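Novice: Pasting final_9.cif here (mmCIF, N, CA and C atoms):
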data_structure
#
loop_
_atom_site.label_atom_id
_atom_site.label_comp_id
_atom_site.auth_asym_id
_atom_site.auth_seq_id
_atom_site.Cartn_x
_atom_site.Cartn_y
_atom_site.Cartn_z
N MET A 1 -101.68 49.30 14.87
CA MET A 1 -100.30 49.35 14.45
C MET A 1 -99.68 50.61 15.04
N ARG A 2 -98.47 50.49 15.53
CA ARG A 2 -97.79 51.63 16.10
C ARG A 2 -97.26 52.55 15.01
N VAL A 3 -97.15 53.80 15.35
CA VAL A 3 -96.62 54.80 14.43
C VAL A 3 -95.10 54.81 14.56
N LEU A 4 -94.43 55.05 13.46
CA LEU A 4 -92.98 55.13 13.46
C LEU A 4 -92.55 56.43 14.12
N PHE A 5 -91.86 56.32 15.25
CA PHE A 5 -91.39 57.50 15.96
C PHE A 5 -89.90 57.68 15.72
N ARG A 6 -89.43 58.89 15.96
CA ARG A 6 -88.01 59.18 15.81
C ARG A 6 -87.22 58.23 16.72
N GLY A 7 -86.15 57.69 16.22
CA GLY A 7 -85.34 56.78 17.01
C GLY A 7 -85.69 55.31 16.77
N ARG A 8 -86.81 55.04 16.18
CA ARG A 8 -87.18 53.65 15.87
C ARG A 8 -86.76 53.37 14.44
N THR A 9 -86.28 52.21 14.20
CA THR A 9 -85.84 51.88 12.85
C THR A 9 -87.00 51.36 12.03
N LYS A 10 -86.82 51.35 10.72
CA LYS A 10 -87.82 50.81 9.81
C LYS A 10 -88.08 49.34 10.14
N HIS A 11 -87.04 48.61 10.49
CA HIS A 11 -87.17 47.19 10.82
C HIS A 11 -88.15 47.00 11.98
N ASP A 12 -88.07 47.84 13.01
CA ASP A 12 -88.98 47.74 14.15
C ASP A 12 -90.42 47.98 13.70
N TYR A 13 -90.62 48.95 12.86
CA TYR A 13 -91.95 49.28 12.36
C TYR A 13 -92.53 48.11 11.57
N LEU A 14 -91.73 47.49 10.71
CA LEU A 14 -92.20 46.35 9.94
C LEU A 14 -92.47 45.15 10.83
N SER A 15 -91.65 44.96 11.85
CA SER A 15 -91.89 43.86 12.78
C SER A 15 -93.23 44.03 13.48
N ASP A 16 -93.55 45.26 13.87
CA ASP A 16 -94.84 45.54 14.49
C ASP A 16 -95.98 45.20 13.53
N ALA A 17 -95.83 45.59 12.27
CA ALA A 17 -96.87 45.33 11.28
C ALA A 17 -97.02 43.83 11.05
N LEU A 18 -95.92 43.11 11.05
CA LEU A 18 -95.96 41.66 10.82
C LEU A 18 -96.72 40.92 11.92
N THR A 19 -96.70 41.44 13.12
CA THR A 19 -97.42 40.77 14.21
C THR A 19 -98.93 40.79 13.97
N LEU A 20 -99.40 41.68 13.14
CA LEU A 20 -100.82 41.76 12.84
C LEU A 20 -101.24 40.80 11.74
N LEU A 21 -100.30 40.18 11.06
CA LEU A 21 -100.59 39.26 9.97
C LEU A 21 -100.62 37.83 10.50
N THR A 22 -101.74 37.44 11.07
CA THR A 22 -101.83 36.09 11.61
C THR A 22 -101.85 35.08 10.47
N GLY A 23 -101.20 33.97 10.69
CA GLY A 23 -101.13 32.92 9.69
C GLY A 23 -99.92 33.04 8.78
N TRP A 24 -99.29 34.18 8.76
CA TRP A 24 -98.09 34.38 7.94
C TRP A 24 -96.86 34.04 8.77
N THR A 25 -95.88 33.44 8.14
CA THR A 25 -94.62 33.16 8.82
C THR A 25 -93.51 33.90 8.09
N ARG A 26 -92.54 34.30 8.84
CA ARG A 26 -91.38 34.98 8.25
C ARG A 26 -90.23 33.99 8.23
N GLU A 27 -89.68 33.78 7.06
CA GLU A 27 -88.52 32.92 6.89
C GLU A 27 -87.44 33.76 6.23
N GLY A 28 -86.51 34.22 7.02
CA GLY A 28 -85.50 35.14 6.51
C GLY A 28 -86.16 36.43 6.09
N GLU A 29 -86.00 36.79 4.85
CA GLU A 29 -86.61 38.03 4.34
C GLU A 29 -87.78 37.72 3.42
N GLU A 30 -88.49 36.63 3.70
CA GLU A 30 -89.69 36.26 2.96
C GLU A 30 -90.85 36.05 3.92
N LEU A 31 -92.04 36.32 3.43
CA LEU A 31 -93.26 36.01 4.17
C LEU A 31 -93.94 34.87 3.44
N ARG A 32 -94.45 33.91 4.21
CA ARG A 32 -95.11 32.75 3.61
C ARG A 32 -96.46 32.51 4.27
N ARG A 33 -97.38 31.98 3.45
CA ARG A 33 -98.72 31.65 3.95
C ARG A 33 -99.26 30.49 3.14
N THR A 34 -99.88 29.53 3.81
CA THR A 34 -100.55 28.43 3.15
C THR A 34 -102.04 28.53 3.44
N LEU A 35 -102.85 28.50 2.39
CA LEU A 35 -104.30 28.66 2.51
C LEU A 35 -105.00 27.42 1.99
N VAL A 36 -106.02 26.98 2.70
CA VAL A 36 -106.84 25.86 2.25
C VAL A 36 -108.03 26.44 1.51
N MET A 37 -108.16 26.07 0.23
CA MET A 37 -109.26 26.58 -0.60
C MET A 37 -109.45 25.68 -1.80
N ASP A 38 -110.62 25.80 -2.43
CA ASP A 38 -110.87 24.99 -3.62
C ASP A 38 -110.30 25.68 -4.86
N ASP A 39 -110.41 25.01 -5.99
CA ASP A 39 -109.82 25.53 -7.23
C ASP A 39 -110.43 26.86 -7.67
N ALA A 40 -111.73 27.01 -7.53
CA ALA A 40 -112.40 28.26 -7.93
C ALA A 40 -111.94 29.42 -7.04
N GLN A 41 -111.82 29.17 -5.74
CA GLN A 41 -111.34 30.21 -4.83
C GLN A 41 -109.89 30.56 -5.13
N HIS A 42 -109.09 29.56 -5.46
CA HIS A 42 -107.69 29.80 -5.82
C HIS A 42 -107.61 30.71 -7.05
N ALA A 43 -108.41 30.41 -8.05
CA ALA A 43 -108.41 31.23 -9.27
C ALA A 43 -108.82 32.66 -8.97
N ALA A 44 -109.85 32.83 -8.16
CA ALA A 44 -110.31 34.18 -7.80
C ALA A 44 -109.24 34.93 -7.01
N LEU A 45 -108.62 34.24 -6.07
CA LEU A 45 -107.57 34.87 -5.27
C LEU A 45 -106.41 35.30 -6.16
N THR A 46 -105.98 34.42 -7.05
CA THR A 46 -104.85 34.71 -7.93
C THR A 46 -105.11 35.94 -8.79
N GLU A 47 -106.30 36.03 -9.35
CA GLU A 47 -106.64 37.19 -10.20
C GLU A 47 -106.65 38.49 -9.40
N ARG A 48 -107.23 38.46 -8.23
CA ARG A 48 -107.31 39.68 -7.41
C ARG A 48 -105.94 40.09 -6.88
N VAL A 49 -105.14 39.11 -6.49
CA VAL A 49 -103.81 39.43 -5.99
C VAL A 49 -102.95 40.02 -7.11
N LYS A 50 -103.13 39.57 -8.33
CA LYS A 50 -102.38 40.11 -9.46
C LYS A 50 -102.62 41.61 -9.62
N VAL A 51 -103.86 42.03 -9.45
CA VAL A 51 -104.19 43.45 -9.57
C VAL A 51 -103.46 44.27 -8.50
N VAL A 52 -103.51 43.79 -7.26
CA VAL A 52 -102.85 44.49 -6.16
C VAL A 52 -101.34 44.48 -6.35
N ALA A 53 -100.79 43.32 -6.70
CA ALA A 53 -99.33 43.20 -6.87
C ALA A 53 -98.84 44.11 -8.00
N ASP A 54 -99.60 44.18 -9.09
CA ASP A 54 -99.22 45.08 -10.19
C ASP A 54 -99.18 46.53 -9.72
N ALA A 55 -100.15 46.92 -8.92
CA ALA A 55 -100.18 48.30 -8.42
C ALA A 55 -98.97 48.60 -7.53
N LEU A 56 -98.50 47.58 -6.80
CA LEU A 56 -97.36 47.77 -5.90
C LEU A 56 -96.02 47.44 -6.58
N HIS A 57 -96.07 47.01 -7.84
CA HIS A 57 -94.87 46.62 -8.60
C HIS A 57 -94.11 45.48 -7.89
N LEU A 58 -94.88 44.48 -7.43
CA LEU A 58 -94.32 43.32 -6.75
C LEU A 58 -94.78 42.05 -7.43
N ARG A 59 -94.07 40.97 -7.21
CA ARG A 59 -94.41 39.68 -7.80
C ARG A 59 -94.40 38.60 -6.73
N PRO A 60 -95.54 38.33 -6.11
CA PRO A 60 -95.57 37.22 -5.17
C PRO A 60 -95.54 35.89 -5.92
N GLU A 61 -95.09 34.86 -5.26
CA GLU A 61 -95.11 33.52 -5.85
C GLU A 61 -96.33 32.80 -5.27
N ILE A 62 -97.24 32.39 -6.16
CA ILE A 62 -98.45 31.69 -5.74
C ILE A 62 -98.47 30.34 -6.44
N THR A 63 -98.48 29.27 -5.65
CA THR A 63 -98.49 27.92 -6.19
C THR A 63 -99.66 27.14 -5.61
N ARG A 64 -100.05 26.09 -6.33
CA ARG A 64 -101.18 25.25 -5.93
C ARG A 64 -100.69 23.82 -5.77
N ARG A 65 -100.97 23.23 -4.61
CA ARG A 65 -100.64 21.83 -4.35
C ARG A 65 -101.82 21.21 -3.63
N ASP A 66 -102.41 20.19 -4.26
CA ASP A 66 -103.59 19.52 -3.70
C ASP A 66 -104.68 20.56 -3.43
N ASP A 67 -105.14 20.66 -2.22
CA ASP A 67 -106.20 21.63 -1.90
C ASP A 67 -105.63 22.86 -1.19
N ARG A 68 -104.35 23.10 -1.37
CA ARG A 68 -103.68 24.20 -0.68
C ARG A 68 -103.05 25.18 -1.67
N THR A 69 -103.15 26.45 -1.32
CA THR A 69 -102.51 27.51 -2.08
C THR A 69 -101.36 28.03 -1.23
N GLN A 70 -100.17 28.04 -1.78
CA GLN A 70 -99.01 28.51 -1.06
C GLN A 70 -98.55 29.83 -1.66
N ILE A 71 -98.30 30.79 -0.77
CA ILE A 71 -97.93 32.14 -1.20
C ILE A 71 -96.61 32.52 -0.55
N ARG A 72 -95.75 33.13 -1.36
CA ARG A 72 -94.48 33.63 -0.88
C ARG A 72 -94.30 35.07 -1.35
N VAL A 73 -94.01 35.96 -0.42
CA VAL A 73 -93.79 37.38 -0.72
C VAL A 73 -92.41 37.74 -0.18
N GLY A 74 -91.61 38.38 -0.99
CA GLY A 74 -90.29 38.80 -0.55
C GLY A 74 -89.23 38.43 -1.56
N HIS A 75 -88.01 38.77 -1.22
CA HIS A 75 -86.90 38.57 -2.14
C HIS A 75 -86.20 37.25 -1.96
N GLY A 76 -85.93 36.89 -0.72
CA GLY A 76 -85.18 35.67 -0.47
C GLY A 76 -83.71 35.78 -0.80
N ASP A 77 -83.23 36.99 -1.08
CA ASP A 77 -81.81 37.17 -1.43
C ASP A 77 -81.13 38.15 -0.48
N ASP A 78 -81.49 38.06 0.79
CA ASP A 78 -80.93 38.89 1.86
C ASP A 78 -81.28 40.36 1.75
N GLU A 79 -82.17 40.72 0.85
CA GLU A 79 -82.69 42.07 0.82
C GLU A 79 -83.76 42.18 1.89
N PRO A 80 -83.79 43.26 2.66
CA PRO A 80 -84.79 43.36 3.72
C PRO A 80 -86.21 43.49 3.15
N LEU A 81 -87.18 43.04 3.93
CA LEU A 81 -88.58 43.22 3.53
C LEU A 81 -88.89 44.70 3.43
N THR A 82 -89.77 45.04 2.51
CA THR A 82 -90.17 46.43 2.34
C THR A 82 -91.58 46.63 2.86
N GLU A 83 -91.95 47.90 3.02
CA GLU A 83 -93.31 48.23 3.43
C GLU A 83 -94.32 47.69 2.42
N GLY A 84 -93.95 47.75 1.14
CA GLY A 84 -94.83 47.27 0.07
C GLY A 84 -95.10 45.78 0.18
N GLU A 85 -94.08 45.02 0.54
CA GLU A 85 -94.26 43.57 0.66
C GLU A 85 -95.15 43.21 1.85
N VAL A 86 -94.99 43.93 2.95
CA VAL A 86 -95.86 43.71 4.10
C VAL A 86 -97.29 44.14 3.75
N LEU A 87 -97.42 45.25 3.05
CA LEU A 87 -98.74 45.70 2.60
C LEU A 87 -99.37 44.67 1.67
N LEU A 88 -98.61 44.11 0.77
CA LEU A 88 -99.14 43.09 -0.13
C LEU A 88 -99.64 41.88 0.66
N ALA A 89 -98.90 41.44 1.66
CA ALA A 89 -99.35 40.31 2.49
C ALA A 89 -100.68 40.65 3.17
N ALA A 90 -100.82 41.86 3.66
CA ALA A 90 -102.08 42.28 4.29
C ALA A 90 -103.22 42.28 3.28
N ARG A 91 -102.97 42.76 2.08
CA ARG A 91 -104.00 42.77 1.04
C ARG A 91 -104.36 41.36 0.62
N ILE A 92 -103.39 40.46 0.54
CA ILE A 92 -103.68 39.06 0.21
C ILE A 92 -104.60 38.48 1.27
N GLU A 93 -104.36 38.82 2.51
CA GLU A 93 -105.22 38.34 3.60
C GLU A 93 -106.65 38.85 3.41
N ASP A 94 -106.81 40.11 3.02
CA ASP A 94 -108.13 40.67 2.73
C ASP A 94 -108.81 39.92 1.59
N VAL A 95 -108.05 39.66 0.53
CA VAL A 95 -108.59 38.94 -0.63
C VAL A 95 -109.01 37.53 -0.23
N TYR A 96 -108.20 36.87 0.57
CA TYR A 96 -108.51 35.52 1.04
C TYR A 96 -109.86 35.50 1.77
N ARG A 97 -110.04 36.44 2.67
CA ARG A 97 -111.32 36.53 3.39
C ARG A 97 -112.48 36.77 2.43
N ALA A 98 -112.26 37.61 1.44
CA ALA A 98 -113.33 37.92 0.48
C ALA A 98 -113.71 36.72 -0.37
N VAL A 99 -112.74 35.98 -0.87
CA VAL A 99 -113.05 34.87 -1.78
C VAL A 99 -113.56 33.63 -1.04
N THR A 100 -113.25 33.50 0.24
CA THR A 100 -113.72 32.33 0.99
C THR A 100 -115.02 32.58 1.72
N SER A 101 -115.47 33.82 1.76
CA SER A 101 -116.73 34.12 2.45
C SER A 101 -117.93 34.09 1.52
N VAL A 102 -117.69 33.91 0.22
CA VAL A 102 -118.78 33.90 -0.77
C VAL A 102 -119.54 32.60 -0.72
#
Produce structure tokens that represent the structure in this file.

Specialist:
Amino acid sequence: MRVLFRGRTKHDYLSDALTLLTGWTREGEELRRTLVMDDAQHAALTERVKVVADALHLRPEITRRDDRTQIRVGHGDDEPLTEGEVLLAARIEDVYRAVTSV
């Protein structure tokens, strides 16, 4: 990840960070990810993400449909993405790898 240098905007820095989040899509000011996992993995992911989200004072939306877990991070109300939201997406990716590798 590139370091934020003088003259670069926060938006550029976040865009650079977002390129490292494979599988995530940006829709407006929200990040979305769909994960294929079983019910036990979904439960484990949800519990672990809650701990991280609480620490960051954020509330991702996590829903379950069939064998897929859908995650949405962001405001969706024209507020720009924050560093915390991008960090949360990265941590969710870490949790996903942990719960599916067991």

Novice: Taking the backbone alone, and naming residues the way the document does, which bits of chain A are strand (DSSP E) by DSSP, as a PyMOL selection string?

Specialist: chain A and resi 25-27+30-36+61-65+68-74

Novice: Run the PyMOL selection byres ((chain A and resi 78-92) around 7) on the file and write out the hits as JSON, numbers by chain.

Specialist: {"A": [14, 18, 21, 29, 30, 49, 52, 53, 56, 73, 74, 75, 76, 77, 93, 94, 95, 96, 97]}

Novice: Give the answer as one residue: which of A:Ala98, A:Thr25, A:Asp16, A:Arg68 has the shortest atom-to-atom distance to Asp38 in chain A, using all atoms listed in the file?

Specialist: A:Arg68

Novice: Quick one: which residues end up in the PyMOL selection byres (((chain A and resi 64 and name CA) around 12) and name CA) for this structure, as a list in words?

Specialist: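 With the PyMOL selection byres (((chain A and resi 64 and name CA) around 12) and name CA) on this model, the match is Thr34, Leu35, Val36, Met37, Asp38, Asp39, Ala40, Gln41, His42, Ala43, Leu45, Thr46, Glu61, Ile62, Thr63, Arg65, Asp66, Asp67, Arg68, Thr69, Gln70, Ile71 and Arg72 of chain A.
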
Novice: Would you output that residue set with N, CA and C atoms, as a CSV table (one decimal), in the coordinates of the input?

Specialist:
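Dumped everything to result_27.csv:
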chain,number,residue,atom,x,y,z
A,34,THR,N,-99.9,29.5,3.8
A,34,THR,CA,-100.6,28.4,3.2
A,34,THR,C,-102.0,28.5,3.4
A,35,LEU,N,-102.8,28.5,2.4
A,35,LEU,CA,-104.3,28.7,2.5
A,35,LEU,C,-105.0,27.4,2.0
A,36,VAL,N,-106.0,27.0,2.7
A,36,VAL,CA,-106.8,25.9,2.2
A,36,VAL,C,-108.0,26.4,1.5
A,37,MET,N,-108.2,26.1,0.2
A,37,MET,CA,-109.3,26.6,-0.6
A,37,MET,C,-109.4,25.7,-1.8
A,38,ASP,N,-110.6,25.8,-2.4
A,38,ASP,CA,-110.9,25.0,-3.6
A,38,ASP,C,-110.3,25.7,-4.9
A,39,ASP,N,-110.4,25.0,-6.0
A,39,ASP,CA,-109.8,25.5,-7.2
A,39,ASP,C,-110.4,26.9,-7.7
A,40,ALA,N,-111.7,27.0,-7.5
A,40,ALA,CA,-112.4,28.3,-7.9
A,40,ALA,C,-111.9,29.4,-7.0
A,41,GLN,N,-111.8,29.2,-5.7
A,41,GLN,CA,-111.3,30.2,-4.8
A,41,GLN,C,-109.9,30.6,-5.1
A,42,HIS,N,-109.1,29.6,-5.5
A,42,HIS,CA,-107.7,29.8,-5.8
A,42,HIS,C,-107.6,30.7,-7.0
A,43,ALA,N,-108.4,30.4,-8.0
A,43,ALA,CA,-108.4,31.2,-9.3
A,43,ALA,C,-108.8,32.7,-9.0
A,45,LEU,N,-108.6,34.2,-6.1
A,45,LEU,CA,-107.6,34.9,-5.3
A,45,LEU,C,-106.4,35.3,-6.2
A,46,THR,N,-106.0,34.4,-7.0
A,46,THR,CA,-104.8,34.7,-7.9
A,46,THR,C,-105.1,35.9,-8.8
A,61,GLU,N,-95.1,34.9,-5.3
A,61,GLU,CA,-95.1,33.5,-5.8
A,61,GLU,C,-96.3,32.8,-5.3
A,62,ILE,N,-97.2,32.4,-6.2
A,62,ILE,CA,-98.4,31.7,-5.7
A,62,ILE,C,-98.5,30.3,-6.4
A,63,THR,N,-98.5,29.3,-5.6
A,63,THR,CA,-98.5,27.9,-6.2
A,63,THR,C,-99.7,27.1,-5.6
A,65,ARG,N,-101.0,23.2,-4.6
A,65,ARG,CA,-100.6,21.8,-4.4
A,65,ARG,C,-101.8,21.2,-3.6
A,66,ASP,N,-102.4,20.2,-4.3
A,66,ASP,CA,-103.6,19.5,-3.7
A,66,ASP,C,-104.7,20.6,-3.4
A,67,ASP,N,-105.1,20.7,-2.2
A,67,ASP,CA,-106.2,21.6,-1.9
A,67,ASP,C,-105.6,22.9,-1.2
A,68,ARG,N,-104.4,23.1,-1.4
A,68,ARG,CA,-103.7,24.2,-0.7
A,68,ARG,C,-103.0,25.2,-1.7
A,69,THR,N,-103.2,26.4,-1.3
A,69,THR,CA,-102.5,27.5,-2.1
A,69,THR,C,-101.4,28.0,-1.2
A,70,GLN,N,-100.2,28.0,-1.8
A,70,GLN,CA,-99.0,28.5,-1.1
A,70,GLN,C,-98.6,29.8,-1.7
A,71,ILE,N,-98.3,30.8,-0.8
A,71,ILE,CA,-97.9,32.1,-1.2
A,71,ILE,C,-96.6,32.5,-0.6
A,72,ARG,N,-95.8,33.1,-1.4
A,72,ARG,CA,-94.5,33.6,-0.9
A,72,ARG,C,-94.3,35.1,-1.4

Novice: Calculate how many Å separate CA of Leu31 in chain A from atom N of Leu58 in chain A, rounding to one decimal.

Specialist: 14.5 Å

Novice: Give as a list of chain:residue names the set of residues within 6 Å of the point (-94.7, 32.7, 9.7), where distances use the file's coordinates and all atoms listed in the file.

Specialist: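 Result, sorted by chain then residue number: A:Gly23, A:Trp24, A:Thr25, A:Arg26, A:Glu27, A:Arg32.
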
Novice: From a DSSP pass on the backbone, collect the residues of chain A flagged as alpha helix (DSSP H) and hand them back as JSON, numbers by chain.

Specialist: {"A": [10, 11, 12, 13, 14, 15, 16, 17, 18, 39, 40, 41, 42, 43, 44, 45, 46, 47, 48, 49, 50, 51, 52, 53, 54, 55, 56, 83, 84, 85, 86, 87, 88, 89, 90, 91, 92, 93, 94, 95, 96, 97, 98, 99, 100]}

Novice: What is the distance between atom C of Glu47 in chain A and CA of Ser15 in chain A, in Å to one decimal?

Specialist: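 Computing the Euclidean distance for atom C of Glu47 in chain A and CA of Ser15 in chain A yields 27.2 Å.
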
Novice: Measure the distance from atom C of Val99 in chain A to CA of Gly28 in chain A in Å and round it to one decimal.

Specialist: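 So the two atoms, atom C of Val99 in chain A and CA of Gly28 in chain A, lie 29.1 Å apart.
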
Novice: So that all listed atoms of range 69-87 of chain A fit with 5 Å spare on each side, what axis-aligned box centre and edge lengths in Å, to one decimal, would you give as JSON?

Specialist:
{"center_x": -92.0, "center_y": 37.3, "center_z": 1.0, "size_x": 32.2, "size_y": 31.8, "size_z": 16.2}
